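For reference, the structure discussed in these notes is given below.
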Amino acid sequence: MENNLPSHYDPKEIEDKWYRFWEESGFFHSEPTSPQKPYTIVIPPPNVTGVLHMGHALNNIIQDILIRWKRMQGFNVLWMPGTDHAGIATQNVVERHLSSKNIKRQDIGRKRFVDEVWQWKQQYGSTIIKQLKKLGSSCDWQRERFTMDEGLSAAVKETFVRLYNKGLIYKDKYMVNWCPRCRTAIADDEVEHEEHEGHLWHIKYPFKDNPQQHIVVATTRPETMLGDVAVAVNPTDERYKDFIGKVLLLPIINRELPIVADDFVSPSFGTGAVKVTPAHDPNDFAIGMRHNLPSIVVMDEDGTMNVNAGDFNGQDRFECRNTLAEDLKLRKYIDKIIPHKHSVGHCYRCNTVIEPYFSNQWFVKMRPLANAAIQSSSNKFVTFYPERWEKIYLSWLDNVRDWCISRQIWWGHRIPAWYCDDCNAIIVSVEEPNRCSKCNGLHLKQDEDVLDTWFSSALWPFSTLGWPKETPELKYYYPTSTLVTDRGIIYFWVARMVMMGIEMMKHVPFSHVYIHGTILDEQGRKMSKSLGNGIDPLLMIDRYGADAVRFSIIILTTEGQDVKLSESKFEMGRNFTNKLWNAARFIFMNLIEENPETMPYDSNALQFEDKWIHGRLNTLIDECTASLDQYKFNDAAMKMYDFTWHTFCDWYLEIVKHRLNNSENRVDKKIVQTTLATVFGSILHLLHPFIPFITEELWNKLIIISKNNNINLQIDMTSNSLVTGKWPNINKQLSDNTSEQIMPILQDIIRSIRNIRSKMDIKEKQPLKVLLSYPQNFNYDLHEHSNLLKRMANLEELEIGSELSKPNNSASEVIGNIQVFVLLTGILDPIAEKNRQLKHLKQLENHLAIIHRKLNNENFAAKAPSHIVEAERKKEGELLEQIEKVKHILSDIG
């Protein structure tokens, strides 16, 4: 059989082929009837509107590594896939789609609009799933879920009703974060704060009984003063204690405002007197509650001023801010305006400035749920990797506020609450009631609001397994094993899943939480459309291949740290897959024989280098398994990279080439062929979770070639596919400690000789004469390995002895307690070489002098940018190092 591996690796030739084969073979599917131990991951469901970005890629590569690895370890693996209905995001997308046809959702009504969203979902909602498959994600696609499918909707209703009946869900008028663009409340965690350069308006509020006197209050949002109901001062503030209880008049509106004393007011902020607007500020709302003040809403849901705003009715809030400020100036109510930098909340979906808004909303009472989650961490039921994220998680739980779960949109899980028009009762029920449970009335109307998207997401680990039904899947797979997610949704999702899992299932939903970093651009900035610095993973897959993308990202990902990424970084992954492909071509070429013989793989017949490579493989298996156990993916990938490229390809393959070409010793050739195939097969197994496509292709080729050439692979051969293959085990029978101790010494000797060649500019093809001197107490016999040293360093003569003297006209290197002497007589003209090196030394010293003049110049050090100064210091260090090397060479030449 010929080696039919193409000379160049083309990922497009193999990736779709193998993914189709894996899916058709059912390798990703799991059933809860297996006697094996389960290992379960639920995918962080991407938005149904989404397309694959680098954050998704990193997240799903990590999950796929874990899933493939655990599957190979013998677990019954389930990776539960699915998508999130993404309430506000999806509604916005469909509204924009309709707007392109000059249609508003209000024009077609709720039912038709929701139908439009479902149609959009059917048409476009599977885009990201197809993209995840291109990445190689080995999810159980037969179990794909959607947060609004029938089963998950039932779970949402059941959870709402249970929490309501337990007093953990309530409805109340409260201050919420309101997005005028989306026209809905959003939770505290969904508000993103940005620093704005604004103003602090100091406004005079006159006394009712003496308009010539006034108190100055300061505000960053003058439009909200139209809803003022009081002015508050600190009771200890000497400036105002005599005014407490008096009445002011609201400028322009002339509403009477009592002066109240409240400890919340800081005497040092602004003037020490603050306007109180309970309907438009959370702190003012709290003051209003304490002093039984009314709440006056002066804005409508779209951010325009309403009738309570007087003459400003109908103006946009920011337009009102400007016109009101001008009006206040004209009427001499402005004391002063000063620049003021402050943090302004924005909607996380559309970036609109949010408005604190007094509104009737549904809330989850979080404190009891948070306490249970905190206790689960104390009991070590949930462990974070890296552990530093647990402190941030617990800090949020310690300071948690009640969660506003109602949203004033149409797409989502409609709240299962009905209002009776006859007796005003609220009926909360899983099933739609026919009549009022309080008065038996028939006039019922369902709540118009839908639930926050994160409410259904919080149930994901058990709702996807069939809850509230007692399914075999729920019994077998829950609790799940590991959650892999980004730090940005620790509050949104991780904490809420833990709380809901404990409350509904009486058990945490997962035992391990791995928090990975964020993908940034090369300058450390977040990737965004506005900056135009995003990198499309699908485009990278098209250019470099999925395996190269996967491996490059993982190599760059160190224990939860952010990843600085540029397209050039994917060349590393491509270079590695090319190296693996070329190594396979060499190995396969040397496994194929015209008349292959069958011979046993006798461990007693293994040569020194065979035992060494098996020993290094054992260490690799041990270390990679330990790294993956600790979620150190980068560490495991780097170890595999180093072993494959350097230990195996650079050393072992080079060392055994002469044995492969030795047709006289058939037994030894079969030994080295089997060793090559076995070690390479093990490499493919270890690399498979990281780069599944190329490893599957090469493994299948290796199996066929080995069988056709009677090579007895020392690997478990129960599966022809690496997806269902076994993770390698250590085989100590094929290695020994001595080879692992001696080989590093031999490698250092060879490197030192190669280093001397390089320094002296001696051609690689030039055979050398070398002396190796070791101390009397040296523990190893280097004579046994003289042939290996001669071949690898291209030596014509090698003398090995104890306490040898340095020969004349020789170059030397010291390796621990071994001295290496390379004879230069007959190879270099010592006078010509000395002159050459002296000339080189002079050039280096002249260059160094220029650098020193720059660095010693006070103007340069003081005025040059720090990175320029640092670059010069780096050059200085490099030149000093080169000068020392040249001086050492001159010393050798004598």
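A note on labels: chains of the structure tokens are A, B, ... as shown, every chain counts residues from 1, and ligands are counted from 1 in their shown order.
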
Need to verify the contact set: range 186-203 of chain A, 6 Å, only C-alpha atoms, exclusion of same-chain residues closer than 4 positions in sequence. Can you return it as a ChimeraX atom specification?
/A:177,216-220,333-348,404

Excluding range 373-390 of chain A and any residue of its chain fewer than 5 positions from it, enumerate the residues within 12 Å of it, using only C-alpha atoms, and give them as a PyMOL selection string.
chain A and resi 366-368+395-400+479-491+494-503+506-517+558-561+628-633

Given the choices A:Cys624, A:Cys179, A:Ala871, A:Val886, which gets closest to Ile756 in chain A if the distance is worked out from only C-alpha atoms?
A:Val886

Range 513-686 of chain A: residues DSSP assigns to strand (DSSP E or B), reported as a compact mmCIF listing (two decimals) with N, CA, C and O atoms, in the first residue's frame:
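Contents of selection34.txt, freshly written:
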# COMPACT_ATOMS: atom_id res chain seq x y z
N VAL A 513 -17.19 25.31 38.45
CA VAL A 513 -17.45 26.44 37.56
C VAL A 513 -16.10 26.94 37.06
O VAL A 513 -15.27 27.39 37.85
N TYR A 514 -15.87 26.82 35.75
CA TYR A 514 -14.63 27.34 35.17
C TYR A 514 -14.93 28.67 34.50
O TYR A 514 -15.77 28.76 33.59
N ILE A 515 -14.25 29.72 34.95
CA ILE A 515 -14.43 31.07 34.41
C ILE A 515 -13.25 31.39 33.50
O ILE A 515 -12.11 31.45 33.96
N HIS A 516 -13.53 31.56 32.21
CA HIS A 516 -12.45 31.91 31.28
C HIS A 516 -12.42 33.41 31.05
O HIS A 516 -13.34 34.15 31.44
N ILE A 519 -11.92 37.65 25.20
CA ILE A 519 -11.09 37.85 24.01
C ILE A 519 -10.99 39.35 23.74
O ILE A 519 -12.01 40.03 23.56
N LEU A 520 -9.77 39.86 23.70
CA LEU A 520 -9.51 41.28 23.41
C LEU A 520 -8.71 41.39 22.11
O LEU A 520 -8.17 40.40 21.63
N ASP A 521 -8.64 42.60 21.59
CA ASP A 521 -7.77 42.77 20.43
C ASP A 521 -6.32 42.90 20.89
O ASP A 521 -6.03 42.85 22.09
N LYS A 526 -11.69 45.56 24.14
CA LYS A 526 -12.76 44.62 23.83
C LYS A 526 -13.09 44.70 22.34
O LYS A 526 -13.05 45.78 21.75
N VAL A 563 -7.50 37.26 26.81
CA VAL A 563 -6.68 36.83 25.68
C VAL A 563 -6.55 37.97 24.68
O VAL A 563 -7.54 38.47 24.17
N LYS A 564 -5.32 38.40 24.43
CA LYS A 564 -5.06 39.40 23.39
C LYS A 564 -4.84 38.67 22.07
O LYS A 564 -3.91 37.88 21.95
N LEU A 565 -5.69 38.97 21.11
CA LEU A 565 -5.73 38.17 19.89
C LEU A 565 -5.58 39.03 18.64
O LEU A 565 -6.14 40.12 18.54

Do you know which residues are at most 10 Å from Ser406 in chain A counting only C-alpha atoms, after dropping those on the same chain fewer than 4 positions away, and could you put them as a list in words?
Lys171, Thr184, Ala185, Ile186, Ala187, Asn360, Gln361, Trp362, Phe363, Val364, His413, Arg414, Ile415, Asp447, Glu448, Asp449, Val450, Leu451, Asp452, Thr453 and Phe455 of chain A

Mind running range 37-87 of chain A against range 139-159 of chain A at 7 Å and telling me each contacting residue's nearest atom pair with the distance in Å (one decimal), counting only C-alpha atoms, chain and number ascending, as a Markdown table?
| residue | atom | partner | partner_atom | distance |
| --- | --- | --- | --- | --- |
| A:Leu78 | CA | A:Asp140 | CA | 6.5 |
| A:Trp79 | CA | A:Cys139 | CA | 4.9 |
| A:Met80 | CA | A:Asp140 | CA | 6.0 |
| A:Pro81 | CA | A:Glu144 | CA | 5.0 |
| A:Gly82 | CA | A:Arg145 | CA | 4.4 |
| A:Thr83 | CA | A:Phe146 | CA | 5.0 |
| A:Asp84 | CA | A:Thr147 | CA | 5.2 |
| A:His85 | CA | A:Thr147 | CA | 5.8 |

For the residues in that selection, give me N, CA and C atoms as an mmCIF file, in the first residue's frame.
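In the end it all went to part05.cif:
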data_model
loop_
_atom_site.group_PDB
_atom_site.id
_atom_site.type_symbol
_atom_site.label_atom_id
_atom_site.label_comp_id
_atom_site.auth_asym_id
_atom_site.auth_seq_id
_atom_site.Cartn_x
_atom_site.Cartn_y
_atom_site.Cartn_z
ATOM 1 N N LEU A 78 -22.666 13.784 28.321
ATOM 2 C CA LEU A 78 -23.740 14.563 27.697
ATOM 3 C C LEU A 78 -23.339 16.031 27.675
ATOM 4 N N TRP A 79 -23.279 16.571 26.472
ATOM 5 C CA TRP A 79 -23.121 18.027 26.324
ATOM 6 C C TRP A 79 -24.440 18.532 25.769
ATOM 7 N N MET A 80 -25.233 19.148 26.652
ATOM 8 C CA MET A 80 -26.586 19.586 26.298
ATOM 9 C C MET A 80 -26.545 20.914 25.553
ATOM 10 N N PRO A 81 -26.974 20.929 24.291
ATOM 11 C CA PRO A 81 -26.950 22.177 23.518
ATOM 12 C C PRO A 81 -28.311 22.882 23.538
ATOM 13 N N GLY A 82 -28.307 24.093 23.073
ATOM 14 C CA GLY A 82 -29.561 24.823 22.948
ATOM 15 C C GLY A 82 -29.312 26.300 22.750
ATOM 16 N N THR A 83 -30.400 27.034 22.548
ATOM 17 C CA THR A 83 -30.319 28.473 22.347
ATOM 18 C C THR A 83 -31.301 29.183 23.266
ATOM 19 N N ASP A 84 -31.024 30.461 23.493
ATOM 20 C CA ASP A 84 -31.830 31.294 24.375
ATOM 21 C C ASP A 84 -32.724 32.204 23.534
ATOM 22 N N HIS A 85 -33.960 32.408 23.974
ATOM 23 C CA HIS A 85 -34.888 33.240 23.192
ATOM 24 C C HIS A 85 -34.509 34.716 23.230
#

Enter the distance from CA of Ile883 in chain A to CA of Met760 in chain A, in Å, rounded to one decimal.
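Between CA of Ile883 in chain A and CA of Met760 in chain A the gap is 14.3 Å.
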
For CA of Ser100 in chain A and CA of Pro537 in chain A, determine how far apart the two atoms are, in Å to one decimal place.
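It comes out at 28.8 Å.
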
Run DSSP on the backbone and tell me which residues of range 406-608 of chain A come out as helix (DSSP H, G or I); list them as a PyMOL selection string.
chain A and resi 453-457+460-463+472-477+487-505+537-544+546-556+567-591+603-605+608

For Pro461 in chain A, the nearest of the candidates A:Gln776, A:Asp781, A:Ile426, A:Trp493, counting only C-alpha atoms
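Going through A:Gln776, A:Asp781, A:Ile426, A:Trp493 one by one, the smallest distance to Pro461 in chain A is for A:Trp493.
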
Measuring between only C-alpha atoms, which one of A:Ser429, A:Asn634, A:Ser25, A:Thr675 shows the shortest distance to Phe690 in chain A?
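Checking each of A:Ser429, A:Asn634, A:Ser25, A:Thr675 against Phe690 in chain A, counting only C-alpha atoms, the winner is A:Asn634.
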
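Residues surrounding His685 in chain A within 10 Å are Trp69, Met72, Val679, Phe680, Gly681, Pro689, Phe690, Ile691, Pro692, Thr695, Glu696, Trp699, Ile715, Ser721, Leu722, Val723, Gly725, Lys726, Trp727 and Pro728 of chain A [only C-alpha atoms; sequence separation below 4 positions excluded].
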
Selection near Ala417 in chain A, 9 Å with only C-alpha atoms, sequence-local residues under 5 positions removed, as number ranges by chain:
A: 161, 426-430, 432, 445-447

Surrounding residues of Leu828 in chain A excluding itself and chain neighbours under 6 positions, 10 Å, only C-alpha atoms, as a PyMOL selection string
chain A and resi 760-762+809-810+834+893

Write the residues you've just listed into a file as a CSV table (one decimal), in the first residue's frame, and include all heavy atoms for each of them.
chain,number,residue,atom,x,y,z
A,760,MET,N,31.2,29.6,15.6
A,760,MET,CA,32.4,29.6,14.8
A,760,MET,C,32.1,29.6,13.3
A,760,MET,O,33.1,29.5,12.5
A,760,MET,CB,33.3,28.4,15.2
A,760,MET,CG,33.7,28.4,16.6
A,760,MET,SD,34.9,29.7,16.9
A,760,MET,CE,35.5,29.3,18.5
A,761,ASP,N,30.9,29.6,13.0
A,761,ASP,CA,30.5,29.6,11.6
A,761,ASP,C,31.0,28.4,10.8
A,761,ASP,O,31.5,28.4,9.7
A,761,ASP,CB,30.9,30.9,10.9
A,761,ASP,CG,30.2,31.2,9.6
A,761,ASP,OD1,29.0,30.7,9.5
A,761,ASP,OD2,30.7,31.9,8.8
A,762,ILE,N,30.9,27.2,11.5
A,762,ILE,CA,31.4,25.9,10.9
A,762,ILE,C,30.2,25.2,10.3
A,762,ILE,O,29.1,25.1,10.9
A,762,ILE,CB,32.0,25.0,12.0
A,762,ILE,CG1,33.1,25.7,12.7
A,762,ILE,CG2,32.4,23.7,11.4
A,762,ILE,CD1,33.6,24.9,13.9
A,809,ASN,N,44.0,25.2,20.6
A,809,ASN,CA,43.2,25.5,19.5
A,809,ASN,C,41.9,24.7,19.5
A,809,ASN,O,41.6,24.0,18.5
A,809,ASN,CB,44.0,25.3,18.2
A,809,ASN,CG,43.3,26.0,17.0
A,809,ASN,OD1,42.5,26.9,17.2
A,809,ASN,ND2,43.6,25.6,15.8
A,810,SER,N,41.1,24.9,20.5
A,810,SER,CA,39.8,24.2,20.6
A,810,SER,C,38.8,25.2,21.2
A,810,SER,O,39.1,26.1,22.0
A,810,SER,CB,39.9,23.0,21.5
A,810,SER,OG,40.2,23.3,22.8
A,834,LYS,N,40.5,34.8,14.3
A,834,LYS,CA,40.7,35.8,15.4
A,834,LYS,C,40.5,37.2,14.8
A,834,LYS,O,39.8,38.0,15.5
A,834,LYS,CB,42.2,35.6,15.9
A,834,LYS,CG,42.4,36.6,17.1
A,834,LYS,CD,43.8,36.3,17.7
A,834,LYS,CE,44.0,37.2,18.9
A,834,LYS,NZ,45.3,36.9,19.6
A,893,ILE,N,40.1,30.6,20.8
A,893,ILE,CA,41.1,30.6,19.7
A,893,ILE,C,42.5,30.8,20.3
A,893,ILE,O,43.5,30.3,19.8
A,893,ILE,CB,40.7,31.7,18.7
A,893,ILE,CG1,39.4,31.4,18.1
A,893,ILE,CG2,41.8,31.8,17.6
A,893,ILE,CD1,38.8,32.5,17.2

If I take CA of Ile868 in chain A and CA of His852 in chain A, how far is one from the other in Å, to one decimal?
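Spanning CA of Ile868 in chain A to CA of His852 in chain A is a straight-line distance of 14.0 Å.
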
Contacts of Lys133 in chain A at 10 Å or less, counting only C-alpha atoms, minus same-chain residues fewer than 5 places along, as a list in words?
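Within the cut-off, the hits are Asp16, Tyr19, Arg20, Glu23, Ile128, Ser138, Cys139 and Trp141 of chain A.
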